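*Asks:* Pasting work21.txt here (compact mmCIF, C-alpha atoms):
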# COMPACT_ATOMS: atom_id res chain seq x y z
CA MET A 30 -12.19 40.88 227.22
CA THR A 31 -14.04 43.93 225.91
CA LEU A 32 -17.77 43.40 225.46
CA SER A 33 -19.89 45.11 222.85
CA LEU A 34 -23.25 46.57 223.77
CA LYS A 35 -24.90 43.64 221.95
CA ASP A 36 -22.94 41.11 224.05
CA ARG A 37 -23.88 42.90 227.26
CA ALA A 38 -27.56 42.78 226.29
CA LEU A 39 -27.18 39.04 225.58
CA LEU A 40 -25.69 38.47 229.06
CA VAL A 41 -28.64 40.26 230.67
CA LYS A 42 -31.05 38.10 228.65
CA LEU A 43 -29.22 34.83 229.60
CA PHE A 44 -29.12 35.92 233.25
CA ASN A 45 -32.91 36.30 233.31
CA LYS A 46 -33.47 32.95 231.52
CA SER A 47 -31.08 31.13 233.87
CA GLY A 48 -33.07 31.78 237.02
CA TYR A 49 -30.97 34.87 237.84
CA CYS A 50 -27.84 32.72 238.21
CA ALA A 51 -24.73 34.54 237.02
CA ALA A 52 -22.58 31.36 236.78
CA ILE A 53 -25.08 29.56 234.50
CA ALA A 54 -25.56 32.69 232.37
CA LEU A 55 -21.79 32.98 231.86
CA LYS A 56 -21.52 29.26 230.96
CA LYS A 57 -24.25 29.59 228.30
CA PHE A 58 -22.58 32.75 226.95
CA ARG A 59 -19.23 30.95 226.54
CA THR A 60 -20.97 28.07 224.73
CA LEU A 61 -22.75 30.45 222.31
CA LYS A 62 -19.55 32.37 221.62
CA GLY A 63 -17.30 29.30 221.38
CA LEU A 64 -15.12 30.32 224.34
CA ARG A 65 -13.22 27.77 226.41
CA ILE A 66 -14.26 27.09 229.99
CA GLY A 67 -12.79 29.54 232.46
CA SER A 68 -12.07 32.21 229.87
CA GLY A 69 -13.85 35.60 229.82
CA PRO A 70 -15.86 37.59 229.53
CA MET A 71 -16.07 38.37 233.27
CA ALA A 72 -16.47 36.78 236.68
CA ALA A 73 -19.89 36.04 238.18
CA PHE A 74 -19.42 38.98 240.57
CA GLY A 75 -18.81 41.33 237.65
CA LEU A 76 -21.96 40.15 235.86
CA LYS A 77 -24.06 40.68 238.99
CA LYS A 78 -22.63 44.18 239.32
CA MET A 79 -23.48 44.93 235.69
CA ILE A 80 -27.03 43.59 236.18
CA ASP A 81 -27.49 45.77 239.30
CA LYS A 82 -26.39 48.83 237.33
CA PHE A 83 -28.71 47.90 234.47
CA GLU A 84 -31.67 47.62 236.86
CA GLU A 85 -30.76 50.96 238.43
CA SER A 86 -30.02 53.05 235.31
CA GLY A 87 -31.22 51.03 232.32
CA LEU A 88 -27.69 51.03 230.84
CA CYS A 89 -25.82 47.90 229.76
CA GLY A 90 -22.28 49.10 230.43
CA ARG A 91 -20.51 52.11 231.80
CA GLY A 92 -22.85 54.69 230.28
CA ARG A 93 -22.30 58.42 230.65
CA LYS A 94 -22.46 60.30 233.88
CA ALA A 95 -25.09 63.01 233.80
CA ILE A 96 -23.74 66.58 234.09
CA ALA A 97 -25.17 68.36 237.11
CA SER A 98 -27.23 71.49 236.47
CA THR A 99 -25.08 73.36 239.00
CA SER A 100 -22.00 72.64 236.85
CA VAL A 101 -23.75 74.08 233.80
CA GLU A 102 -24.69 77.19 235.79
CA ASP A 103 -21.09 77.61 237.00
CA VAL A 104 -19.67 77.38 233.47
CA ALA A 105 -22.33 79.78 232.14
CA ALA A 106 -21.47 82.28 234.88
CA GLU A 107 -17.73 82.05 234.11
CA LEU A 108 -18.48 82.53 230.41
CA GLN A 109 -20.63 85.59 231.10
CA GLU A 110 -17.94 87.13 233.31
CA ALA A 111 -15.25 86.53 230.67
CA SER A 112 -17.37 88.07 227.90
CA SER A 113 -17.56 91.34 229.85
CA SER A 114 -13.76 91.58 230.19
CA ALA A 115 -11.56 93.79 227.99
CA LEU A 116 -10.89 91.15 225.32
CA GLY A 117 -13.91 88.98 226.02
CA THR A 118 -11.78 85.83 225.88
CA CYS A 119 -11.86 82.69 227.98
CA SER A 120 -10.60 79.12 227.74
CA ALA A 121 -11.95 75.75 228.81
CA ARG A 122 -8.80 75.22 230.88
CA GLY A 123 -9.26 78.59 232.60
CA ILE A 124 -12.86 77.78 233.52
CA SER A 125 -11.73 74.31 234.66
CA ARG A 126 -9.21 75.84 237.07
CA THR A 127 -11.57 78.40 238.59
CA SER A 128 -14.56 76.05 238.89
CA ASP A 129 -12.58 72.94 239.97
CA MET A 130 -14.11 70.89 237.17
CA PRO A 131 -12.51 68.50 234.62
CA VAL A 132 -11.61 70.16 231.32
CA SER A 133 -13.54 67.48 229.42
CA THR A 134 -16.70 68.32 231.37
CA VAL A 135 -16.26 72.04 230.71
CA ARG A 136 -15.85 71.38 226.98
CA LYS A 137 -18.99 69.21 226.90
CA ILE A 138 -20.99 71.93 228.65
CA LEU A 139 -19.69 74.67 226.36
CA ARG A 140 -20.21 72.73 223.14
CA ASN A 141 -23.20 70.44 223.75
CA ILE A 142 -25.29 72.31 226.31
CA LEU A 143 -24.46 76.02 225.90
CA GLN A 144 -23.96 75.58 222.13
CA CYS A 145 -20.73 77.63 222.12
CA TYR A 146 -18.07 77.50 219.39
CA LEU A 147 -14.38 78.44 219.19
CA PHE A 148 -13.56 81.73 217.45
CA LYS A 149 -10.25 83.52 216.90
CA ILE A 150 -9.47 87.15 217.75
CA MET A 151 -9.24 89.28 214.62
CA GLN A 152 -6.55 91.98 214.58
CA VAL A 153 -7.47 95.17 212.74
CA GLN A 154 -5.91 98.59 212.22
CA GLU A 155 -6.68 100.90 215.13
CA LEU A 156 -8.92 103.81 214.14
CA VAL A 157 -9.21 107.17 215.88
CA PRO A 158 -12.62 108.91 216.07
CA SER A 159 -11.73 111.40 213.33
CA ASP A 160 -11.04 108.54 210.90
CA LEU A 161 -14.64 107.34 210.80
CA PRO A 162 -16.23 110.26 208.92
CA LYS A 163 -13.30 110.30 206.47
CA ARG A 164 -13.69 106.59 205.74
CA GLU A 165 -17.43 106.93 205.35
CA ALA A 166 -17.13 110.00 203.10
CA PHE A 167 -14.57 108.28 200.88
CA ALA A 168 -16.72 105.13 200.53
CA LEU A 169 -19.81 107.18 199.64
CA GLN A 170 -17.78 109.27 197.16
CA PHE A 171 -16.46 106.07 195.60
CA LEU A 172 -19.96 104.58 195.27
CA ALA A 173 -21.38 107.83 193.88
CA ARG A 174 -18.68 107.81 191.22
CA MET A 175 -19.77 104.29 190.31
CA GLU A 176 -23.34 105.50 189.83
CA VAL A 177 -22.04 107.76 187.06
CA ASP A 178 -19.49 105.31 185.64
CA ASN A 179 -20.10 101.68 186.60
CA ALA A 180 -16.77 100.58 185.08
CA TRP A 181 -14.75 103.08 187.11
CA PRO A 182 -13.37 100.50 189.63
CA TRP A 183 -12.02 98.44 186.70
CA ASN A 184 -9.86 101.40 185.63
CA ILE A 185 -8.25 102.01 189.02
CA LEU A 186 -4.60 101.05 189.31
CA TRP A 187 -4.28 99.81 192.91
CA THR A 188 -0.72 100.09 194.25
CA ASP A 189 1.27 99.41 197.39
CA GLU A 190 4.64 98.20 198.64
CA ALA A 191 5.66 95.60 201.23
CA HIS A 192 8.73 93.94 202.78
CA PHE A 193 9.57 90.28 202.18
CA HIS A 194 12.22 88.87 204.51
CA LEU A 195 14.57 86.11 203.45
CA GLN A 196 13.68 84.12 206.56
CA GLY A 197 9.91 83.76 206.34
CA SER A 198 8.14 83.29 209.66
CA VAL A 199 6.83 79.89 210.81
CA ASN A 200 3.53 79.74 212.66
CA THR A 201 4.64 77.61 215.63
CA GLN A 202 1.08 77.41 216.92
CA SER A 203 0.02 75.18 214.03
CA CYS A 204 3.42 73.60 213.25
CA ARG A 205 4.06 70.27 215.00
CA ILE A 206 6.79 67.62 214.67
CA TRP A 207 5.87 63.96 215.22
CA ALA A 208 8.73 62.01 216.83
CA ARG A 209 9.37 59.39 219.53
CA GLU A 210 11.48 61.90 221.44
CA ASN A 211 11.52 65.69 221.49
CA PRO A 212 13.99 66.77 218.75
CA PHE A 213 14.10 70.31 220.20
CA GLN A 214 13.88 71.69 216.68
CA MET A 215 14.59 75.44 216.51
CA GLN A 216 14.45 78.06 213.78
CA PRO A 217 17.31 80.57 214.11
CA LEU A 218 16.29 84.12 213.22
CA PRO A 219 18.89 86.85 212.63
CA LEU A 220 18.57 90.14 214.44
CA HIS A 221 18.38 92.00 211.12
CA SER A 222 16.95 89.71 208.48
CA GLN A 223 17.77 90.32 204.83
CA LYS A 224 14.75 91.55 202.91
CA VAL A 225 13.47 92.99 199.66
CA THR A 226 10.91 95.78 199.33
CA VAL A 227 8.38 95.10 196.60
CA TRP A 228 6.15 97.59 194.78
CA TYR A 229 3.16 96.31 192.85
CA GLY A 230 0.22 97.75 190.92
CA PHE A 231 -2.74 96.14 189.19
CA THR A 232 -6.08 96.71 187.50
CA VAL A 233 -8.59 94.00 186.62
CA ALA A 234 -6.91 93.66 183.21
CA PHE A 235 -3.16 93.72 183.88
CA ILE A 236 -0.36 93.86 186.45
CA VAL A 237 2.54 96.30 186.68
CA GLY A 238 5.50 94.84 188.54
CA PRO A 239 6.74 93.56 190.75
CA LEU A 240 9.27 96.38 191.03
CA PHE A 241 11.95 96.22 193.72
CA PHE A 242 13.47 99.13 195.62
CA GLU A 243 17.21 98.61 195.06
CA GLU A 244 20.45 100.52 194.74
CA ILE A 245 23.60 99.52 192.85
CA GLY A 246 25.98 97.64 195.14
CA PRO A 247 29.64 96.56 194.67
CA SER A 248 28.68 93.22 193.11
CA CYS A 249 24.88 93.15 192.88
CA PRO A 250 21.79 95.30 193.57
CA VAL A 251 21.22 96.02 197.25
CA ALA A 252 17.74 96.31 198.77
CA CYS A 253 16.94 99.72 200.26
CA THR A 254 14.17 101.36 202.23
CA VAL A 255 11.50 103.55 200.66
CA ASN A 256 11.83 107.32 200.81
CA ALA A 257 10.41 110.11 198.67
CA THR A 258 13.41 110.29 196.30
CA ARG A 259 13.48 106.54 195.65
CA TYR A 260 9.71 106.38 195.27
CA GLU A 261 9.69 109.22 192.74
CA SER A 262 12.54 107.54 190.85
CA LEU A 263 10.68 104.22 190.71
CA LEU A 264 7.52 105.90 189.39
CA GLN A 265 9.30 108.07 186.83
CA ASN A 266 11.86 105.59 185.49
CA ARG A 267 10.05 102.27 185.73
CA PHE A 268 6.33 102.56 186.42
CA ILE A 269 5.35 105.38 184.06
CA PRO A 270 7.30 103.88 181.09
CA ALA A 271 5.66 100.49 181.71
CA LEU A 272 2.22 102.12 181.75
CA GLN A 273 3.00 104.13 178.63
CA GLN A 274 4.05 100.96 176.87
CA CYS A 275 0.56 99.55 177.58
CA GLY A 276 -1.01 102.77 176.31
CA CYS A 277 -3.01 103.13 179.52
CA VAL A 278 -1.78 106.34 181.13
CA ASP A 279 -4.71 108.43 179.87
CA SER A 280 -7.43 105.98 180.93
CA LYS A 281 -6.38 104.76 184.38
CA THR A 282 -6.84 106.22 187.86
CA PHE A 283 -3.79 105.93 190.11
CA MET A 284 -4.39 104.88 193.72
CA GLN A 285 -1.88 105.00 196.61
CA ASP A 286 -2.23 105.17 200.38
CA GLY A 287 -1.09 108.07 202.54
CA ALA A 288 2.46 106.94 203.41
CA PRO A 289 4.82 109.96 203.73
CA PRO A 290 6.95 109.11 200.63
CA HIS A 291 3.75 109.06 198.56
CA ILE A 292 2.82 112.64 199.30
CA ALA A 293 6.19 114.37 198.91
CA THR A 294 5.97 117.41 196.63
CA PRO A 295 8.04 115.93 193.73
CA VAL A 296 5.90 112.78 193.78
CA LYS A 297 2.65 114.77 193.71
CA GLN A 298 3.94 116.89 190.85
CA LEU A 299 4.93 113.79 188.86
CA LEU A 300 1.55 112.11 189.39
CA ASN A 301 -0.34 115.30 188.57
CA LEU A 302 1.64 115.64 185.33
CA HIS A 303 0.66 112.19 184.08
CA PHE A 304 -2.77 111.60 185.64
CA GLY A 305 -4.20 114.98 186.61
CA ASN A 306 -6.01 115.78 189.86
CA ASP A 307 -9.20 113.96 188.90
CA ARG A 308 -7.50 110.60 188.26
CA ILE A 309 -5.50 110.28 191.48
CA ILE A 310 -6.71 108.68 194.71
CA SER A 311 -4.30 109.81 197.40
CA ARG A 312 -3.81 112.07 200.37
CA HIS A 313 -3.51 115.75 199.40
CA PHE A 314 -5.68 115.21 196.30
CA PRO A 315 -9.41 115.88 195.76
CA THR A 316 -10.16 112.15 196.10
CA ALA A 317 -8.28 111.57 199.34
CA TRP A 318 -7.47 108.05 200.47
CA PRO A 319 -8.73 107.69 204.09
CA PRO A 320 -6.15 107.34 206.88
CA ARG A 321 -5.42 103.97 208.52
CA SER A 322 -7.45 102.01 205.98
CA PRO A 323 -5.46 98.98 204.77
CA ASP A 324 -8.75 97.07 204.93
CA LEU A 325 -9.86 98.97 201.80
CA ASN A 326 -6.74 98.45 199.67
CA PRO A 327 -6.77 95.10 197.77
CA CYS A 328 -2.99 94.95 198.03
CA ASP A 329 -3.25 94.98 201.83
CA PHE A 330 -6.37 92.92 202.50
CA TRP A 331 -5.54 90.25 199.89
CA LEU A 332 -2.32 90.41 197.84
CA TRP A 333 0.45 90.55 200.44
CA GLY A 334 -1.10 87.85 202.62
CA TYR A 335 -1.66 85.56 199.64
CA LEU A 336 1.87 86.12 198.30
CA LYS A 337 3.58 85.45 201.62
CA ASP A 338 1.63 82.22 202.00
CA VAL A 339 2.78 80.86 198.63
CA VAL A 340 6.29 82.39 198.60
CA TYR A 341 7.26 80.86 201.94
CA GLU A 342 5.92 77.38 201.21
CA GLY A 343 9.49 76.12 200.78
CA PRO A 344 12.99 77.22 201.86
CA ILE A 345 14.57 80.17 200.04
CA ALA A 346 18.37 80.27 199.71
CA ASN A 347 19.08 83.92 198.89
CA LEU A 348 17.54 87.26 197.91
CA ALA A 349 17.78 86.52 194.19
CA GLU A 350 15.71 83.38 194.65
CA LEU A 351 13.26 85.31 196.84
CA LYS A 352 12.78 87.93 194.11
CA ASN A 353 12.31 85.28 191.44
CA THR A 354 9.75 83.43 193.56
CA ILE A 355 7.77 86.63 194.22
CA THR A 356 7.83 87.52 190.51
CA GLN A 357 6.73 84.04 189.45
CA HIS A 358 3.76 83.94 191.81
CA ILE A 359 2.64 87.45 190.88
CA HIS A 360 2.69 86.59 187.19
CA ASN A 361 0.61 83.48 187.93
CA ILE A 362 -2.31 85.59 189.21
CA THR A 363 -5.18 85.40 186.72
CA THR A 364 -7.40 88.24 185.52
CA GLU A 365 -10.40 86.35 186.95
CA THR A 366 -8.77 86.58 190.38
CA LEU A 367 -8.04 90.28 189.93
CA GLN A 368 -11.65 90.93 188.94
CA TYR A 369 -12.99 89.08 191.98
CA VAL A 370 -10.65 91.01 194.29
CA VAL A 371 -11.85 94.37 192.92
CA GLU A 372 -15.47 93.24 193.29
CA HIS A 373 -14.65 92.39 196.89
CA ALA A 374 -13.12 95.85 197.37
CA VAL A 375 -16.38 97.41 196.11
CA LEU A 376 -18.26 95.28 198.64
CA ARG A 377 -16.03 96.69 201.37
CA PHE A 378 -16.79 100.26 200.28
CA GLN A 379 -20.51 99.46 200.40
CA LEU A 380 -20.21 98.08 203.93
CA ILE A 381 -18.05 101.00 205.10
CA GLY A 382 -20.55 103.50 203.67
CA GLY A 383 -23.44 101.75 205.38
CA ASN A 384 -21.75 101.41 208.78
CA GLY A 385 -20.42 104.89 209.46
CA GLY A 386 -16.80 104.14 208.61
CA GLN A 387 -16.47 101.45 211.28
CA HIS A 388 -14.56 98.19 210.87
CA ILE A 389 -16.59 95.86 208.70
CA GLU A 390 -14.73 92.53 209.05
CA ASN A 391 -17.62 91.05 211.06
CA PHE A 392 -19.99 91.71 208.12
CA LEU A 393 -17.78 90.25 205.38
CA SER A 394 -18.56 86.60 206.06
CA LYS A 395 -22.28 87.34 205.69
CA SER A 396 -21.96 89.32 202.45
CA LYS A 397 -21.02 88.42 198.90
CA PRO A 398 -19.52 90.74 196.27
CA THR A 399 -21.66 91.74 193.31
CA SER A 400 -20.38 91.23 189.78
CA PHE A 401 -20.23 94.48 187.82
CA SER A 402 -18.95 93.04 184.55
In structure tokens, write the structure found in this file.

*Replies:*
Amino acid sequence: MTLSLKDRALLVKLFNKSGYCAAIALKKFRTLKGLRIGSGPMAAFGLKKMIDKFEESGLCGRGRKAIASTSVEDVAAELQEASSSALGTCSARGISRTSDMPVSTVRKILRNILQCYLFKIMQVQELVPSDLPKREAFALQFLARMEVDNAWPWNILWTDEAHFHLQGSVNTQSCRIWARENPFQMQPLPLHSQKVTVWYGFTVAFIVGPLFFEEIGPSCPVACTVNATRYESLLQNRFIPALQQCGCVDSKTFMQDGAPPHIATPVKQLLNLHFGNDRIISRHFPTAWPPRSPDLNPCDFWLWGYLKDVVYEGPIANLAELKNTITQHIHNITTETLQYVVEHAVLRFQLIGGNGGQHIENFLSKSKPTSFS
């Protein structure tokens, strides 16, 4: 019979009133609780043992064993040693093994005494030393342009391309199957998964795309990789006409990163013809996009991650369905979302400019974008 803390306190009280006789105390307890003779809650020996513990510790029941100060010092030392390692990572199980201490005790020390919390490692694009001044200079140039024209970020056409594979990946770390027996569920992945390559551009007011890199096949379009010729063809035959149809060619600034197909001579000539040097953000132009900076491009730091989350929510049968799903979710993006994303990009430029071009992910959670509308 499991006793509540209130019942244990009652037993202690009855024991004292019964002349410290465990048998009489238990008999009175059964009468008060309507229990039959000989049934629960414990034997006289067990009650005496509980009373002895109560007199020793002041606890009516098992209580919690105090954690020794030496154990706290050992865990703190292990934590300090781990923080000075290359990655600065450690685990409760690792500390438990090296200190010969239960994992539950280590977790209690880390959380309740040392006030530590669990954090994930954040993967970022590697930067070389020469990248930092370029990133800082670009951010300051961007912000200086805003001082002259506060609406300038709204007129930038942010562009990028990405691969979407037919077999979307499953995060096995957070995916669990509840069953009585292990079903040994597996997800087969082909060596060369079918994919589509998507190009996309947007301003705060409208979206261009998605456009897919494809070539004519025997029975249907076939996905192809991006090279300078295909990129120029996509811009000239599909993107520029779509922009002309909106009547926006003369008022928008075209942005692209420094991928090799983007800076081929025919591509640069085409962009210069329609936008001019002063309305292009790209490598090999006066406003040069900084190298290794996907954290500044809204397509990279927001769009592709968001799209892959929603596109792969359910199974996809073929490439045609994959393309339709991508298109549907892109068209569902609201102008309010686009505006917020651009405001967030401006925040990133402010943080980059104020931190010497360094990674700024650790500052983002403490900062909020400013509305420029």

*Asks:* State, in Å with one decimal place, the distance from CA of Asp189 (chain A) to CA of Leu169 (chain A).

*Replies:*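 If I compute the distance from CA of Asp189 (chain A) to CA of Leu169 (chain A), I get 22.6 Å.
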
*Asks:* When distances are computed from all atoms listed in the file, which of A:Asn179, A:Gln387, A:Asn256, A:Asn211 shows the smallest separation from Ser322 (chain A)?

*Replies:* A:Gln387

*Asks:* Compare A:Ile362, A:Cys145, A:Ile185, A:Ile124 by their minimum atom-to-atom distance to Phe171 (chain A), counting only C-alpha atoms, and give me the closest one.

*Replies:* A:Ile185

*Asks:* Show me the residues around (16.2, 93.1, 200.0) - criterion: an atom at most 7 Å away, all atoms listed in the file counted - as a ChimeraX atom specification.

*Replies:* /A:223-226,251-253,348

*Asks:* List every protein, DNA or RNA residue that has an atom no more than 6 Å from (13.6, 101.2, 198.9) in the file's coordinate frame, counting only C-alpha atoms, and report them as a VMD selection string.

*Replies:* chain A and resid 242 to 243 253 to 255
